[in-house]
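Below is one structure, written out as structure tokens; the observations come after it.
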Amino acid sequence: MFTGITRGTFETASVERRPDLLTYEVELSEELARGLEPGASVSIDGVCQTVVSLSDHRVTFEAIRETLEITTLGDLVAGSRVAVERSSRVGDEIGGHDVAGHVTGTGEIVDIRHDGDICDLQIAVPKPWMGYILPKGFIAIDGSSLTVGEIDPAGAFKIHLIPETLRLTNLGSRRTGDRVNIELDSRTVAIVDTVERVVARHLDYRGLQTNPHEGQ
């Protein structure tokens with residue numbers, strides 16, 4: 001598990017592509033690499049990855065086809081910078097929200113606006129996801145725990161980024177058309193799905209029918 005508090009961005013040192021497998025190395029800082037061992041979990045752009053091997057600060061990861069199909073890791077090239085967070089430990093401060101590193105899929109940045117030091121991103125996602133994206137709710141973008149701003153039920157939402165978030169993540173360098181990894185908040189998903197099932201059963205018992213996402 002992760003807290004969604006990105007520790008910075010780090011350079012991808014090498015990328016090797018084979019059928020159904022991507023092997024890549026990330027050059028971490030001394031602080032982040034300290035105590036890291038093979039088998040440990042690290043969030044790379046919001047994707048939970050297992051440490052395969054490491055040499056000094058250079059850490060090797062592998063991503064299989066299923067991961068590449070639903071995340072942005074398949075776009076990595078040598079020199080790409082990725083957002084990194086070590087897995088949380090008992091006693092760590094939870095500054096964001098519980099993030100599993102199990103990416104739901106990708107969204108597309110469709111609009112970027114700057115207002116002083118604040119950067120607003122509008123991100124388009126599949127319409128069915130909007131039932132789980134609520135104003136002031138949690139969402140993880142490239143592994144960073146963020147608060148949802150305004151939403152468009154047709155399939156988009158905004159996030160408002162402060163300078164510190166822009167400094168520690170890749171989000172400040174994103175451009176219109178870029179894809180980002182999205183992890184929906186698991187608690188919100190569980191609550192919404194549970195309520196919809198209960199309502200559907202109640203209406204079915206009364207001989208009525210409803211579409212829980214109608215009008216979204």
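Labels used: A, B, ... for chains in the order of the structure tokens, numbers from 1 for residues in each chain, and numbers from 1 for ligands as shown.
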
Mind checking which residues fall within 10 Å of Ile139 in chain A, counting only C-alpha atoms, ignoring those fewer than 3 positions away in the same chain, and posting them as a VMD selection string?
chain A and resid 4 96 to 99 132 to 134 136 142 to 148 159 182 to 186 188

Taking only range 63-181 of chain A into account, list the residues labelled helix (DSSP H, G or I) by DSSP (computed from the backbone), as a PyMOL selection string.
chain A and resi 65-70+73-75+127-132+163-168+171-173

Expected file contents, prior selection, C-alpha atoms, as a PDB file, in the first residue's frame:
```pdb
ATOM      1  CA  ARG A  65       1.601  -7.009 -20.962  1.00  0.00           C
ATOM      2  CA  GLU A  66      -1.513  -6.613 -18.797  1.00  0.00           C
ATOM      3  CA  THR A  67       0.145  -3.737 -16.930  1.00  0.00           C
ATOM      4  CA  LEU A  68       1.359  -2.139 -20.147  1.00  0.00           C
ATOM      5  CA  GLU A  69      -2.133  -2.273 -21.655  1.00  0.00           C
ATOM      6  CA  ILE A  70      -3.829  -0.260 -18.901  1.00  0.00           C
ATOM      7  CA  LEU A  73       4.485   2.449 -18.502  1.00  0.00           C
ATOM      8  CA  GLY A  74       4.602   1.217 -22.086  1.00  0.00           C
ATOM      9  CA  ASP A  75       5.477   4.794 -23.127  1.00  0.00           C
ATOM     10  CA  LYS A 127     -17.981   7.954 -18.650  1.00  0.00           C
ATOM     11  CA  PRO A 128     -18.775   4.924 -16.411  1.00  0.00           C
ATOM     12  CA  TRP A 129     -15.974   6.001 -14.043  1.00  0.00           C
ATOM     13  CA  MET A 130     -17.786   9.246 -13.252  1.00  0.00           C
ATOM     14  CA  GLY A 131     -20.109   7.439 -10.870  1.00  0.00           C
ATOM     15  CA  TYR A 132     -17.079   7.048  -8.590  1.00  0.00           C
ATOM     16  CA  PRO A 163       3.342  24.599  -6.427  1.00  0.00           C
ATOM     17  CA  GLU A 164       4.634  21.854  -4.102  1.00  0.00           C
ATOM     18  CA  THR A 165       2.708  19.188  -6.029  1.00  0.00           C
ATOM     19  CA  LEU A 166       4.055  20.573  -9.294  1.00  0.00           C
ATOM     20  CA  ARG A 167       7.594  20.448  -7.883  1.00  0.00           C
ATOM     21  CA  LEU A 168       7.459  16.840  -6.715  1.00  0.00           C
ATOM     22  CA  LEU A 171       2.026  16.844 -13.519  1.00  0.00           C
ATOM     23  CA  GLY A 172       3.446  20.321 -14.044  1.00  0.00           C
ATOM     24  CA  SER A 173       5.204  19.212 -17.230  1.00  0.00           C
TER      25      SER A 173
END
```

To one decimal place in Å, what is the distance between CA of Ser43 in chain A and CA of Gly177 in chain A?
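About the pair CA of Ser43 in chain A and CA of Gly177 in chain A: they are 23.3 Å apart.
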
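You will find CA of Pro153 in chain A at 29.5 Å from CA of Met1 in chain A.
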
Rounded to one decimal place, report the CA of Leu76 in chain A-CA of Val15 in chain A distance in Å.
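We find that CA of Leu76 in chain A and CA of Val15 in chain A lie 7.2 Å from each other.
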
Which polymer residues have any atom within 7 Å of an atom of Ala13 in chain A, counting only C-alpha atoms, with same-chain residues fewer than 5 positions away left out, as a PyMOL selection string?
chain A and resi 25-27+78-79

Residues from last step as file, C-alpha atoms, as an mmCIF file, in the first residue's frame:
```cif
data_model
loop_
_atom_site.group_PDB
_atom_site.id
_atom_site.type_symbol
_atom_site.label_atom_id
_atom_site.label_comp_id
_atom_site.auth_asym_id
_atom_site.auth_seq_id
_atom_site.Cartn_x
_atom_site.Cartn_y
_atom_site.Cartn_z
ATOM 1 C CA GLU A 25 15.846 0.727 -14.601
ATOM 2 C CA VAL A 26 15.234 3.824 -12.501
ATOM 3 C CA GLU A 27 18.021 5.831 -10.872
ATOM 4 C CA ALA A 78 15.482 6.048 -21.516
ATOM 5 C CA GLY A 79 15.543 9.509 -19.983
#
```

Extract the full set of strand (DSSP E or B) residues from range 6-196 of chain A according to DSSP on the backbone, and format it as JSON, numbers by chain.
{"A": [9, 10, 11, 12, 13, 14, 15, 16, 17, 18, 21, 22, 23, 24, 25, 26, 27, 41, 42, 43, 44, 47, 48, 49, 50, 53, 54, 55, 58, 59, 60, 61, 62, 63, 64, 81, 82, 83, 84, 85, 86, 99, 105, 106, 107, 108, 109, 110, 111, 112, 113, 114, 115, 118, 119, 120, 121, 122, 123, 124, 138, 139, 140, 141, 144, 145, 146, 147, 148, 149, 150, 151, 152, 156, 157, 158, 159, 160, 161, 179, 180, 181, 182, 183, 184]}

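For the residues A:Thr194, A:Ser80, A:Ser88, A:Ser14, ranking by smallest atom-to-atom distance to Phe61 in chain A using only C-alpha atoms places A:Ser14 first.
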
Residues near range 81-87 of chain A, cut-off 8 Å, only C-alpha atoms, skip fewer than 3 positions along chain, as a compact mmCIF listing (two decimals) with C-alpha atoms, in the first residue's frame:
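Resulting contents of part-v4.txt:
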```txt
# COMPACT_ATOMS: atom_id res chain seq x y z
CA MET A 1 0.00 0.00 0.00
CA PHE A 2 0.98 3.61 -0.59
CA THR A 3 -0.13 6.98 0.79
CA GLY A 4 -0.20 8.86 -2.51
CA ILE A 5 2.54 11.27 -1.40
CA THR A 6 5.04 11.29 -4.27
CA ARG A 7 8.66 11.62 -3.12
CA GLY A 8 9.90 13.17 -6.35
CA THR A 9 10.62 12.29 -9.97
CA PHE A 10 13.60 10.20 -11.07
CA GLU A 11 15.19 9.32 -14.39
CA THR A 12 14.61 6.08 -16.25
CA LEU A 32 14.88 6.39 -1.50
CA ALA A 40 9.86 -4.77 -2.33
CA SER A 41 6.99 -2.73 -3.78
CA VAL A 42 7.55 0.72 -5.28
CA SER A 43 5.03 2.99 -6.95
CA ILE A 44 6.19 4.09 -10.41
CA ASP A 45 3.85 6.72 -11.87
CA GLY A 46 1.16 5.21 -9.65
CA ASP A 142 0.17 9.07 -11.55
CA GLY A 143 0.28 7.88 -7.94
CA LEU A 168 7.46 16.84 -6.71
CA THR A 169 5.51 15.28 -9.59
CA ASN A 170 5.43 15.18 -13.38
```

Give me the residues near range 115-123 of chain A as a PyMOL selection string, where near means some atom within 7 Å (using only C-alpha atoms) and where sequence neighbours in that chain fewer than 4 positions away do not count.
chain A and resi 107-111+156-163

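Proximity of A:Val77, A:Pro135, A:Val189, A:Gly207 to Ile151 in chain A, computed with only C-alpha atoms, is greatest for A:Pro135.
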